[in-house]
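K.L.:
I am sharing my_file14.txt, which consists of compact mmCIF, C-alpha atoms:
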# COMPACT_ATOMS: atom_id res chain seq x y z
CA MET A 1 -3.81 -22.69 31.61
CA ARG A 2 -5.47 -20.28 34.05
CA LYS A 3 -8.33 -19.67 31.64
CA ASN A 4 -8.84 -23.42 31.13
CA ASN A 5 -8.97 -23.92 34.92
CA GLN A 6 -11.57 -21.16 35.23
CA ARG A 7 -13.71 -22.74 32.56
CA LEU A 8 -13.38 -26.17 34.22
CA LEU A 9 -14.47 -24.68 37.55
CA SER A 10 -17.36 -23.01 35.76
CA MET A 11 -18.54 -26.33 34.35
CA LEU A 12 -18.06 -28.05 37.74
CA PHE A 13 -20.20 -25.31 39.28
CA PHE A 14 -22.99 -26.12 36.86
CA LEU A 15 -22.66 -29.85 37.66
CA ILE A 16 -22.41 -29.56 41.44
CA ILE A 17 -24.49 -26.57 42.42
CA ILE A 18 -27.41 -27.24 40.09
CA PRO A 19 -29.08 -30.49 41.25
CA LEU A 20 -28.61 -33.65 39.19
CA SER A 21 -28.15 -32.07 35.78
CA PHE A 22 -27.92 -28.40 35.09
CA SER A 23 -28.89 -29.28 31.53
CA SER A 24 -32.36 -30.26 32.63
CA CYS A 25 -32.86 -27.74 35.43
CA ALA A 26 -31.16 -24.51 34.27
CA ARG A 27 -33.59 -21.77 33.36
CA ARG A 28 -33.74 -21.02 29.67
CA MET A 29 -33.07 -17.39 28.57
CA GLY A 30 -34.59 -17.86 25.15
CA TYR A 31 -33.48 -19.03 21.73
CA GLY A 32 -30.82 -18.07 19.24
CA VAL A 33 -29.62 -18.94 15.74
CA LEU A 34 -26.20 -20.58 15.39
CA LEU A 35 -24.06 -18.55 12.97
CA TRP A 36 -20.92 -20.70 12.94
CA SER A 37 -21.14 -24.51 12.83
CA VAL A 38 -20.05 -26.64 15.77
CA GLU A 39 -17.97 -29.78 15.14
CA ASP A 40 -18.50 -31.72 18.37
CA PRO A 41 -21.33 -32.50 18.33
CA PRO A 42 -21.87 -31.64 14.65
CA ILE A 43 -24.40 -28.80 14.56
CA LEU A 44 -24.76 -26.83 11.32
CA SER A 45 -25.00 -23.05 11.24
CA GLY A 46 -28.58 -21.86 10.90
CA THR A 47 -29.80 -24.23 13.64
CA VAL A 48 -32.13 -22.82 16.31
CA LEU A 49 -30.78 -23.58 19.81
CA PRO A 50 -32.11 -22.93 23.32
CA VAL A 51 -29.91 -20.45 25.24
CA PHE A 52 -29.36 -20.84 28.98
CA ILE A 53 -26.46 -18.63 30.00
CA ARG A 54 -24.52 -15.68 28.65
CA SER A 55 -21.06 -15.14 30.16
CA ASN A 56 -19.46 -11.82 29.31
CA ILE A 57 -16.38 -12.81 31.30
CA GLU A 58 -15.82 -16.01 29.32
CA GLN A 59 -17.35 -14.50 26.17
CA ILE A 60 -19.57 -17.56 25.67
CA TRP A 61 -23.15 -18.71 25.44
CA VAL A 62 -24.22 -21.94 27.10
CA VAL A 63 -26.71 -23.53 24.71
CA GLY A 64 -28.68 -26.74 24.55
CA ILE A 65 -27.85 -29.55 22.13
CA PRO A 66 -30.61 -30.72 19.79
CA GLU A 67 -32.27 -33.87 21.10
CA TYR A 68 -31.22 -35.97 18.11
CA LEU A 69 -27.55 -35.42 19.11
CA GLN A 70 -27.89 -36.06 22.87
CA TYR A 71 -27.70 -39.86 22.79
CA GLY A 72 -24.71 -41.16 24.77
CA ARG A 73 -23.62 -37.72 26.01
CA ILE A 74 -23.14 -36.88 29.70
CA LEU A 75 -24.16 -33.25 29.22
CA ASP A 76 -26.79 -31.88 26.91
CA LYS A 77 -25.29 -28.39 26.79
CA ILE A 78 -22.20 -26.89 25.17
CA GLU A 79 -20.40 -23.56 25.09
CA VAL A 80 -20.46 -21.39 21.97
CA PRO A 81 -18.47 -18.14 21.44
CA LEU A 82 -20.68 -15.07 21.77
CA ALA A 83 -20.06 -13.97 18.19
CA HIS A 84 -21.02 -17.39 16.80
CA LEU A 85 -24.66 -17.19 17.87
CA GLU A 86 -27.30 -14.53 17.34
CA PHE A 87 -29.62 -14.38 20.36
CA VAL A 88 -33.19 -13.67 19.26
CA GLY A 89 -35.49 -14.28 22.22
CA SER A 90 -38.60 -16.34 21.76
CA ARG A 91 -38.65 -19.66 19.95
CA ASN A 92 -41.00 -18.38 17.25
CA ARG A 93 -38.83 -15.33 16.54
CA ALA A 94 -35.75 -17.55 16.41
CA PHE A 95 -37.31 -19.80 13.76
CA THR A 96 -38.39 -16.71 11.81
CA ARG A 97 -34.82 -15.38 11.93
CA ALA A 98 -33.47 -18.78 10.88
CA GLY A 99 -35.79 -18.68 7.88
CA GLU A 100 -34.47 -15.24 6.91
CA PHE A 101 -30.92 -16.54 7.30
CA GLY A 102 -31.75 -19.67 5.29
CA GLU A 103 -30.14 -18.65 1.97
CA PHE A 104 -26.76 -18.22 3.65
CA ALA A 105 -27.16 -20.60 6.61
CA HIS A 106 -24.59 -23.10 5.28
CA ILE A 107 -22.57 -20.75 3.07
CA TYR A 108 -18.93 -20.15 3.98
CA ALA A 109 -16.12 -18.63 1.93
CA GLU A 110 -12.42 -19.41 1.53
CA ASN A 111 -10.15 -16.40 1.07
CA LEU A 112 -7.91 -16.69 -2.03
CA GLN A 113 -5.73 -13.64 -1.44
CA ASP A 114 -3.31 -12.72 1.34
CA GLY A 115 -4.26 -9.46 2.97
CA LEU A 116 -7.83 -9.29 1.69
CA PRO A 117 -9.57 -6.69 3.89
CA ILE A 118 -12.80 -6.88 5.81
CA ARG A 119 -14.19 -3.35 5.96
CA GLU A 120 -16.44 -1.38 8.26
CA SER A 121 -18.98 -0.73 5.50
CA PRO A 122 -19.54 -2.04 1.95
CA ASP A 123 -17.19 0.45 0.30
CA ASN A 124 -13.54 -0.05 -0.64
CA ALA A 125 -12.68 3.34 0.88
CA SER A 126 -14.10 2.51 4.32
CA ARG A 127 -11.98 1.62 7.33
CA ARG A 128 -10.40 -1.85 7.37
CA VAL A 129 -11.37 -3.83 10.49
CA TYR A 130 -9.61 -7.11 9.67
CA ARG A 131 -7.11 -8.53 7.19
CA LEU A 132 -7.53 -12.12 5.99
CA ARG A 133 -4.73 -14.52 5.11
CA ALA A 134 -4.91 -16.81 2.10
CA GLY A 135 -6.89 -19.92 3.04
CA ASP A 136 -8.81 -18.28 5.90
CA ILE A 137 -12.48 -19.26 6.17
CA VAL A 138 -15.24 -16.76 6.88
CA LYS A 139 -18.94 -17.30 7.49
CA VAL A 140 -21.18 -15.51 5.00
CA LEU A 141 -24.04 -13.81 6.84
CA GLY A 142 -25.70 -12.13 3.87
CA ARG A 143 -25.43 -10.08 0.71
CA VAL A 144 -25.64 -6.28 0.84
CA GLN A 145 -25.68 -3.33 -1.55
CA GLY A 146 -22.45 -1.36 -1.86
CA THR A 147 -19.97 0.33 -4.17
CA PRO A 148 -17.88 -2.27 -6.06
CA PRO A 149 -14.07 -1.82 -6.17
CA ILE A 150 -12.61 -0.56 -9.44
CA SER A 151 -10.26 -2.74 -11.52
CA THR A 152 -7.07 -1.53 -13.19
CA THR A 153 -9.04 -1.00 -16.42
CA GLY A 154 -11.35 1.44 -14.65
CA ASP A 155 -14.31 -0.98 -14.65
CA PRO A 156 -16.09 -2.26 -11.52
CA LEU A 157 -14.88 -5.67 -10.36
CA PRO A 158 -17.45 -8.48 -10.70
CA GLY A 159 -18.93 -9.75 -7.47
CA ASP A 160 -20.96 -8.71 -4.44
CA TRP A 161 -20.40 -7.15 -1.06
CA LEU A 162 -20.97 -9.78 1.63
CA ARG A 163 -21.44 -9.38 5.36
CA VAL A 164 -19.05 -11.90 6.88
CA LEU A 165 -17.94 -13.26 10.24
CA THR A 166 -14.44 -14.53 11.08
CA SER A 167 -13.74 -17.52 13.27
CA ASP A 168 -12.45 -15.22 16.02
CA GLY A 169 -15.61 -13.12 16.03
CA VAL A 170 -14.91 -10.09 13.84
CA SER A 171 -17.75 -9.09 11.53
CA GLY A 172 -17.73 -6.67 8.62
CA TYR A 173 -17.98 -6.46 4.85
CA CYS A 174 -15.86 -8.18 2.22
CA PHE A 175 -16.09 -8.06 -1.57
CA SER A 176 -16.57 -11.52 -3.09
CA PHE A 177 -14.16 -11.19 -6.06
CA ARG A 178 -11.35 -12.94 -4.12
CA LEU A 179 -13.57 -15.36 -2.17
CA ARG A 180 -14.51 -18.96 -3.02
CA LEU A 181 -18.00 -19.60 -1.68
CA PHE A 182 -19.05 -23.12 -0.72
CA ASP A 183 -21.94 -24.88 0.98
CA GLN A 184 -20.70 -26.55 4.15
CA SER A 185 -23.57 -29.05 4.16
CA GLU A 186 -22.28 -30.38 0.80
CA THR A 187 -18.53 -30.41 1.48
CA SER A 188 -16.14 -32.28 3.71
CA PHE A 189 -14.09 -29.12 4.28
CA GLN A 190 -12.88 -29.13 7.90
CA LEU A 191 -13.33 -25.61 9.19
CA ALA A 192 -11.66 -25.95 12.54
CA SER A 193 -8.58 -27.77 11.29
CA THR A 194 -8.06 -25.21 8.54
CA GLN A 195 -8.24 -22.36 10.99
CA THR A 196 -5.85 -24.11 13.38
CA GLN A 197 -3.31 -24.84 10.67
CA SER A 198 -3.33 -21.25 9.34
CA VAL A 199 0.02 -19.76 10.30
CA ILE A 200 0.85 -16.08 10.17
CA ASP A 201 3.65 -15.41 7.70
CA THR A 202 5.42 -12.60 9.57
CA ASP A 203 7.74 -11.82 6.65
CA LEU A 204 4.78 -11.44 4.29
CA GLU A 205 2.97 -9.28 6.82
CA MET A 206 6.08 -7.08 7.00
CA ILE A 207 6.15 -6.72 3.20
CA PHE A 208 2.49 -5.66 3.22
CA SER A 209 3.12 -3.07 5.93
CA ARG A 210 6.02 -1.26 4.21
CA THR A 211 6.49 1.04 1.22
CA TRP A 212 8.77 -0.46 -1.48
CA SER A 213 10.52 2.17 -3.58
CA PRO A 214 12.88 1.64 -6.55
CA ASP A 215 16.43 0.86 -5.37
CA PHE A 216 17.86 3.76 -7.39
CA TYR A 217 16.04 6.09 -4.97
CA LEU A 218 18.42 4.95 -2.26
CA GLN A 219 21.37 5.59 -4.58
CA MET A 220 20.06 9.13 -5.14
CA ILE A 221 19.72 9.72 -1.40
CA ASN A 222 23.19 8.37 -0.61
CA SER A 223 24.79 10.47 -3.38
CA ARG A 224 22.65 13.52 -2.49
CA ARG A 225 21.56 13.85 -6.11
CA ILE A 226 17.80 13.54 -6.13
CA ASP A 227 16.20 13.84 -9.54
CA LEU A 228 12.66 15.02 -8.79
CA HIS A 229 11.55 14.09 -12.32
CA SER A 230 11.74 10.41 -11.35
CA PHE A 231 11.63 10.63 -7.54
CA GLU A 232 7.90 10.44 -6.89
CA GLN A 233 5.58 8.78 -4.40
CA ARG A 234 3.77 6.85 -7.13
CA TYR A 235 6.87 4.97 -8.34
CA ARG A 236 6.90 1.78 -6.26
CA PHE A 237 6.04 -1.89 -6.03
CA GLU A 238 2.66 -2.71 -4.49
CA PRO A 239 1.80 -6.33 -3.61
CA GLY A 240 -1.89 -5.39 -3.82
CA GLN A 241 -3.06 -7.28 -0.75
CA ASP A 242 -6.27 -5.21 -0.70
CA THR A 243 -7.10 -5.57 -4.40
CA GLY A 244 -5.52 -8.78 -5.72
CA VAL A 245 -3.61 -6.69 -8.25
CA ALA A 246 0.17 -6.34 -7.84
CA ARG A 247 1.67 -3.24 -9.46
CA ILE A 248 5.12 -2.26 -10.66
CA ILE A 249 5.19 1.46 -11.42
CA LEU A 250 8.48 3.01 -12.58
CA PRO A 251 9.34 6.03 -14.76
CA ASP A 252 9.87 3.74 -17.79
CA LEU A 253 7.68 0.75 -16.85
CA GLU A 254 4.19 0.06 -15.59
CA ARG A 255 2.87 -3.49 -15.16
CA HIS A 256 -0.20 -4.86 -13.38
CA PHE A 257 -0.60 -8.51 -12.33
CA ASN A 258 -4.05 -9.88 -11.45
CA TYR A 259 -3.37 -12.81 -9.16
CA GLU A 260 -5.42 -15.40 -7.28
CA ARG A 261 -3.36 -15.57 -4.10
CA ILE A 262 0.19 -15.21 -2.77
CA ILE A 263 1.78 -18.55 -1.83
CA PRO A 264 5.22 -19.46 -0.41
CA ASP A 265 7.83 -20.35 -3.04
CA GLY A 266 11.04 -21.04 -1.12
CA ASP A 267 12.94 -19.30 1.67
CA ARG A 268 11.47 -15.80 2.08
CA SER A 269 10.05 -16.07 -1.44
CA TRP A 270 6.46 -15.97 -2.67
CA ARG A 271 4.66 -16.56 -5.93
CA PHE A 272 1.64 -14.61 -7.16
CA GLU A 273 -0.53 -17.49 -8.34
CA GLY A 274 -1.92 -17.05 -11.84
CA THR A 275 0.97 -14.80 -12.97
CA THR A 276 4.72 -15.02 -13.66
CA LEU A 277 5.40 -12.63 -10.78
CA THR A 278 7.50 -13.68 -7.79
CA MET A 279 9.17 -11.74 -4.99
CA THR A 280 12.07 -12.54 -2.65
CA LEU A 281 12.90 -10.73 0.57
CA ARG A 282 16.69 -10.35 0.39
CA THR A 283 16.88 -8.41 3.64
CA ASN A 284 14.22 -6.74 5.76
CA ASN A 285 14.76 -3.60 3.68
CA SER A 286 15.43 -5.08 0.23
CA LEU A 287 13.00 -6.90 -2.07
CA ALA A 288 13.68 -8.56 -5.45
CA VAL A 289 10.73 -8.77 -7.85
CA GLN A 290 10.82 -11.00 -10.94
CA PHE A 291 8.47 -11.57 -13.89
CA ILE A 292 8.51 -12.73 -17.51
CA ASP A 293 8.06 -9.87 -19.98
CA ALA A 294 6.17 -9.96 -23.29
CA GLY A 295 9.31 -11.12 -25.10
CA GLY A 296 9.71 -14.14 -22.83
CA LEU A 297 12.68 -12.69 -20.95
CA ARG A 298 12.91 -12.76 -17.17
CA ARG A 299 13.21 -9.32 -15.62
CA ILE A 300 14.52 -8.73 -12.10
CA LEU A 301 13.84 -5.45 -10.32
CA SER A 302 14.99 -4.32 -6.90
CA PHE A 303 12.97 -2.31 -4.39
CA VAL A 304 13.98 -0.95 -1.01
CA VAL A 305 12.60 0.65 2.13
CA LEU A 306 13.80 4.24 2.33
CA PRO A 307 15.22 5.71 5.55
CA SER A 308 12.62 8.50 5.49
CA ASP A 309 9.21 9.22 4.04
CA ILE A 310 9.38 10.11 0.33
CA ASN A 311 7.43 13.34 0.80
CA ASN A 312 9.87 14.45 3.50
CA ILE A 313 12.81 13.73 1.19
CA ILE A 314 11.16 15.69 -1.63
CA GLN A 315 10.56 18.64 0.71
CA GLN A 316 14.20 18.57 1.81
CA GLU A 317 15.41 18.50 -1.80
CA ASN A 318 13.16 21.42 -2.75
CA ALA A 319 14.51 23.34 0.25
CA ARG A 320 18.09 22.58 -0.85
CA ARG A 321 17.36 23.83 -4.37
CA GLU A 322 15.79 27.02 -3.07
CA GLU A 323 18.78 27.65 -0.83
CA GLN A 324 21.14 27.08 -3.77
CA PHE A 325 19.21 29.55 -5.92
CA MET A 326 19.16 32.15 -3.14
CA THR A 327 22.97 31.94 -3.04
CA ILE A 328 22.94 33.26 -6.63
CA PHE A 329 20.16 35.77 -5.96
CA ASN A 330 21.88 37.17 -2.86
CA GLN A 331 25.06 37.63 -4.85
CA GLY A 332 23.15 40.08 -7.01
CA SER A 333 19.73 40.06 -8.61
CA VAL A 334 21.06 41.64 -11.83
CA PHE A 335 24.14 40.52 -13.81
CA THR A 336 25.41 42.33 -16.92
CA SER A 337 27.76 41.45 -19.79
CA SER A 338 28.81 43.90 -22.53
CA ASN A 339 28.58 41.07 -25.08
CA PHE A 340 25.77 38.82 -23.83
CA GLY A 341 23.25 41.20 -22.29
CA THR A 342 21.66 41.42 -18.86
CA ILE A 343 20.11 38.71 -16.69
CA SER A 344 17.71 39.81 -13.94
CA PHE A 345 16.47 37.40 -11.27
CA ILE A 346 13.56 37.65 -8.83
CA SER A 347 13.30 35.65 -5.62
CA THR A 348 10.68 33.25 -7.02
CA GLY A 349 13.23 31.88 -9.50
CA ASP A 350 11.92 33.72 -12.56
CA PHE A 351 14.35 35.60 -14.78
CA THR A 352 14.53 38.04 -17.67
CA TRP A 353 17.42 37.99 -20.14
CA THR A 354 17.81 40.89 -22.57
CA GLY A 355 20.48 41.89 -25.07
CA PHE A 356 21.62 38.36 -26.03
CA GLU A 357 21.64 38.94 -29.81
CA LEU A 358 25.18 37.52 -30.15
CA LEU A 359 23.84 34.14 -28.95
CA VAL A 360 21.22 33.97 -31.76
CA PRO A 361 20.91 31.57 -33.50
CA GLN A 362 24.01 29.73 -32.24
CA LEU A 363 22.39 29.11 -28.84
CA PHE A 364 18.96 30.72 -28.68
CA PRO A 365 16.23 30.63 -31.39
CA ALA A 366 15.42 33.94 -33.02
CA GLU A 367 11.90 33.99 -31.49
CA THR A 368 13.27 34.01 -27.93
CA SER A 369 12.19 37.17 -26.08
CA GLY A 370 13.96 36.32 -22.84
CA ASN A 371 11.52 35.48 -20.04
CA GLY A 372 11.65 32.21 -18.14
CA ARG A 373 12.45 30.31 -15.00
CA LEU A 374 15.69 29.07 -13.44
CA ILE A 375 15.50 25.48 -12.11
CA MET A 376 18.19 24.10 -9.80
CA ASP A 377 17.71 20.53 -11.02
CA LEU A 378 21.24 19.66 -12.18
CA PHE A 379 24.22 18.21 -10.34
CA ILE A 380 27.95 18.27 -10.98
CA PRO A 381 30.45 15.43 -10.40
CA PRO A 382 33.33 15.76 -7.90
CA SER A 383 35.73 16.37 -10.81
CA LEU A 384 34.05 19.73 -11.55
CA GLU A 385 33.50 20.92 -8.00
CA SER A 386 36.82 22.79 -7.88
CA GLN A 387 35.86 24.86 -10.95
CA PHE A 388 32.10 25.35 -10.57
CA ASP A 389 29.58 25.94 -7.80
CA GLY A 390 26.86 23.99 -9.56
CA ALA A 391 24.62 23.74 -12.60
CA PHE A 392 21.09 24.77 -13.47
CA THR A 393 18.45 24.78 -16.19
CA LEU A 394 17.06 27.91 -17.82
CA GLN A 395 13.61 27.29 -19.23
CA PHE A 396 12.21 30.05 -21.44
CA THR A 397 8.45 30.39 -21.40
CA ASP A 398 7.97 32.52 -24.50
CA ILE A 399 9.03 30.14 -27.29
CA ARG A 400 7.43 26.89 -28.43
CA THR A 401 10.48 24.73 -29.21
CA ASN A 402 14.10 24.47 -28.03
CA ASN A 403 13.24 26.45 -24.91
CA THR A 404 15.43 24.62 -22.36
CA PHE A 405 19.15 25.28 -21.86
CA PHE A 406 21.71 23.99 -19.38
CA PHE A 407 24.58 25.86 -17.72
CA LEU A 408 27.45 25.31 -15.33
CA TYR A 409 28.00 28.32 -13.09
CA ALA A 410 30.68 29.74 -10.81
CA LEU A 411 30.24 32.72 -8.49
CA ASP A 412 32.83 35.20 -7.27
CA ASN A 413 32.68 38.61 -5.64
CA GLN A 414 32.47 40.30 -9.06
CA GLY A 415 29.75 38.28 -10.71
CA ILE A 416 28.84 34.92 -12.27
CA ARG A 417 30.48 32.81 -14.97
CA LEU A 418 28.22 30.65 -17.13
CA GLU A 419 29.25 27.77 -19.38
CA VAL A 420 26.78 26.19 -21.80
CA VAL A 421 26.24 22.44 -21.30
CA PRO A 422 25.05 20.40 -24.32
CA ALA A 423 22.08 18.16 -23.58
CA ALA A 424 24.18 15.18 -24.64
CA SER A 425 26.55 15.88 -21.74
CA LEU A 426 23.82 15.14 -19.14
CA GLU A 427 23.43 11.73 -17.55
CA ASN A 428 20.64 11.32 -14.99
CA SER A 429 20.54 15.07 -14.25
CA THR A 430 24.31 15.17 -13.73
CA VAL A 431 26.75 17.07 -15.95
CA ALA A 432 28.88 14.10 -16.95
CA ARG A 433 31.28 16.07 -19.17
CA ARG A 434 31.97 19.56 -20.50
CA ALA A 435 31.63 20.52 -24.15
CA SER A 436 34.82 20.22 -26.21
CA SER A 437 34.53 23.90 -27.25
CA PRO A 438 32.15 25.41 -24.70
CA ILE A 439 30.47 28.81 -24.85
CA VAL A 440 31.69 30.68 -21.76
CA MET A 441 30.16 33.97 -20.58
CA PHE A 442 30.95 36.25 -17.63
CA PHE A 443 28.36 38.60 -16.18
CA PHE A 444 29.31 41.30 -13.69
CA ARG A 445 27.16 41.92 -10.66
CA ASP A 446 25.25 45.17 -11.18
CA THR A 447 25.87 47.16 -8.00
CA HIS A 448 23.01 49.57 -8.76
CA PHE A 449 20.47 46.94 -7.71
The structure in this file should be written as structure tokens.
P.N.:
Amino acid sequence: MRKNNQRLLSMLFFLIIIPLSFSSCARRMGYGVLLWSVEDPPILSGTVLPVFIRSNIEQIWVVGIPEYLQYGRILDKIEVPLAHLEFVGSRNRAFTRAGEFGEFAHIYAENLQDGLPIRESPDNASRRVYRLRAGDIVKVLGRVQGTPPISTTGDPLPGDWLRVLTSDGVSGYCFSFRLRLFDQSETSFQLASTQTQSVIDTDLEMIFSRTWSPDFYLQMINSRRIDLHSFEQRYRFEPGQDTGVARIILPDLERHFNYERIIPDGDRSWRFEGTTLTMTLRTNNSLAVQFIDAGGLRRILSFVVLPSDINNIIQQENARREEQFMTIFNQGSVFTSSNFGTISFISTGDFTWTGFELLVPQLFPAETSGNGRLIMDLFIPPSLESQFDGAFTLQFTDIRTNNTFFFLYALDNQGIRLEVVPAASLENSTVARRASSPIVMFFFRDTHF
């Protein structure tokens, strides 16, 4: 209200202070080219207009109306936002600039994709200066050379980099692949009404701003059993607001959906137009994603927002594994059995196992020479916690096949007890059950080391 009053006083000043009609007496600054069309009176972009006043406070130009539109009007001047007119100077230079602008003078574009970025330079890696909503209209100012974005197939997307201007005055560069260009002089499209009716979908904006990880990640975190083989930054759901390509990337599934735009499809639900993909925001931290697979079956996947950054969680899990290994190492770096040989550990997690001939070929292949690495990547269920301290993988590096073995372990002040775990007893990196007739070995801590 205050701003409207200021503008009214400004106009009254022009009417009262400047004798008779400020439109006929105000001194002209020069000429400019209209970049964004005016509806009342109807003046198309590309028109050369006389410029009388620039107000940095109000962020407006005061410009003259073409004579053919002045009939019946009290004033022959109107206000235009600063960004909607390019001030040139002399009349001749203004008409020259209008001629240069001619190819794009009446060309606008409708955005077909929620979240499409306007960038600082014509390169998909440059800084984003604005994010368009589906249905937004931009003014095309020209075509420029730039690096085209890359599609999911690795090929450049078809289209051109365009210099564009938004209705609220932001200019930058946008790739045309997700834009529908049209000539305003040949269409009845109502620019102002479209911009007024465009409503920000806050839920959709929230989805775009967050990282959506597979829901089983949260189960891993809550159970404190993080399988780093499947717990990676790249496994996620991406709506693809910057590319028009939605992605589902999981350890056992990867699907890409090239869509035209994201449109509402019920309460907190959206449909990716041109695909079978839909998404529903169950809670602010839970998202259901559905699509029809190649067999015609509907698949439903769940994604969540994690309580911490994935990289931080991975670092914490690696630190936990290192601490767990050091518990073994600090117990004794060398463990010896009269039947099963000697295992020597170094602080990096590498090991050497010698004298295990009794385990060949029942457990180890004959070509095994005994060097490898211990990996603390296994977990034990609560039912085994009273009998074992944990489980680990021994991965030999000197044989080509059958080089990975799994063990339960228990430490005491004399040494370490190992029990072989069959691969079939593992479920999601957890020792689900013991072998019916397990191989059990005890190694005494070698006090000489």
K.L.:
In file coordinates, which residues lie within 12 Å of (-23.8, 3.7, -2.7) using all atoms listed in the file, given as a PDB file with C-alpha atoms, in the frame of the given file?
P.N.:
ATOM      1  CA  SER A 121     -18.980  -0.730   5.500  1.00  0.00           C
ATOM      2  CA  PRO A 122     -19.540  -2.040   1.950  1.00  0.00           C
ATOM      3  CA  ASP A 123     -17.190   0.450   0.300  1.00  0.00           C
ATOM      4  CA  ASN A 124     -13.540  -0.050  -0.640  1.00  0.00           C
ATOM      5  CA  ALA A 125     -12.680   3.340   0.880  1.00  0.00           C
ATOM      6  CA  VAL A 144     -25.640  -6.280   0.840  1.00  0.00           C
ATOM      7  CA  GLN A 145     -25.680  -3.330  -1.550  1.00  0.00           C
ATOM      8  CA  GLY A 146     -22.450  -1.360  -1.860  1.00  0.00           C
ATOM      9  CA  THR A 147     -19.970   0.330  -4.170  1.00  0.00           C
ATOM     10  CA  PRO A 148     -17.880  -2.270  -6.060  1.00  0.00           C
ATOM     11  CA  PRO A 149     -14.070  -1.820  -6.170  1.00  0.00           C
ATOM     12  CA  TRP A 161     -20.400  -7.150  -1.060  1.00  0.00           C
TER      13      TRP A 161
END
K.L.:
Taking (20.8, 35.0, -7.9) in the file's own coordinates, collect the residues within 10 Å, counting all atoms listed in the file, and hand them back as a list in words.
P.N.:
Gln324, Phe325, Met326, Thr327, Ile328, Phe329, Asn330, Gln331, Gly332, Ser333, Val334, Phe335, Ile343, Ser344, Phe345, Ile346, Ser347, Gly349, Phe351, Leu374, Leu411, Gly415, Ile416 and Arg445 of chain A
K.L.:
Could you pull the residues within 12 Å of range 308-313 of chain A, counting all atoms listed in the file, minus those fewer than 4 positions along the same chain, as a list in words?
P.N.:
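So, after excluding close chain neighbours, the residues are Arg210, Thr211, Trp212, Ser213, Pro214, Tyr217, Leu218, Met220, Ile221, Asn222, Arg224, Arg225, Ile226, Asp227, Leu228, Ser230, Phe231, Glu232, Gln233, Arg234, Tyr235, Arg236, Val304, Glu317, Asn318, Ala319 and Arg320 of chain A.
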K.L.:
With distances taken over only C-alpha atoms, which residue among A:Phe175, A:Phe208, A:Phe237, A:Phe87 lies nearest Gly115 in chain A?
P.N.:
A:Phe208
K.L.:
Please indicate the distance in Å from CA of Asp114 in chain A to CA of Arg131 in chain A, rounded to one decimal place.
P.N.:
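Going from CA of Asp114 in chain A over to CA of Arg131 in chain A covers 8.1 Å.
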K.L.:
For the atom pair CA of Gln395 in chain A and CA of Thr342 in chain A, what is the interatomic distance in Å to one decimal place?
P.N.:
16.3 Å
K.L.:
Interatomic distance between CA of Phe291 in chain A and CA of Arg247 in chain A?
P.N.:
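Between CA of Phe291 in chain A and CA of Arg247 in chain A the gap works out to 11.6 Å.
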K.L.:
Rank nothing, just name the residue among A:Asn111, A:Ser337, A:Asn92, A:Thr348 nearest to Phe182 in chain A, using all atoms listed in the file.
P.N.:
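That would be A:Asn111, the residue with the smallest distance to Phe182 in chain A.
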K.L.:
Which residue out of A:Ile207, A:Ile248, A:Val140, A:Val421 has the minimum interatomic distance to Ala391 in chain A when all atoms listed in the file are used?
P.N.:
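The closest residue to Ala391 in chain A is A:Val421.
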K.L.:
Which is closest to Gln414 in chain A among A:Asp201, A:Asp398, A:Asp446, A:Glu254, if we use only C-alpha atoms?
P.N.:
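Among the listed residues, the smallest separation from Gln414 in chain A belongs to A:Asp446.
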K.L.:
Which of these residues is nearest to Pro41 in chain A, using only C-alpha atoms: A:Leu69, A:Arg178, A:Leu297, A:Ile57?
P.N.:
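Nearest candidate to Pro41 in chain A out of A:Leu69, A:Arg178, A:Leu297, A:Ile57: A:Leu69.
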K.L.:
Choose the residue, out of A:Ser151, A:Asn428, A:Gln184, A:Gln219, that has the smallest atom-to-atom separation from Leu378 in chain A; count only C-alpha atoms.
P.N.:
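When distances to Leu378 in chain A are compared using only C-alpha atoms, the smallest one comes from A:Asn428.
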K.L.:
Find the spatial neighbours of Val129 in chain A, counting only C-alpha atoms, within a cut-off of 12 Å - ignore same-chain residues fewer than 4 positions away - and output them as a PyMOL selection string.
P.N.:
chain A and resi 115-122+124+164-166+169-174
K.L.:
Using only C-alpha atoms, which residues sit within 10 Å of range 48-53 of chain A once same-chain residues fewer than 5 positions away are excluded, as an MDAnalysis selection string?
P.N.:
chainID A and resid 22:23 26:35 43 60:66 77 79 85:92 94:98
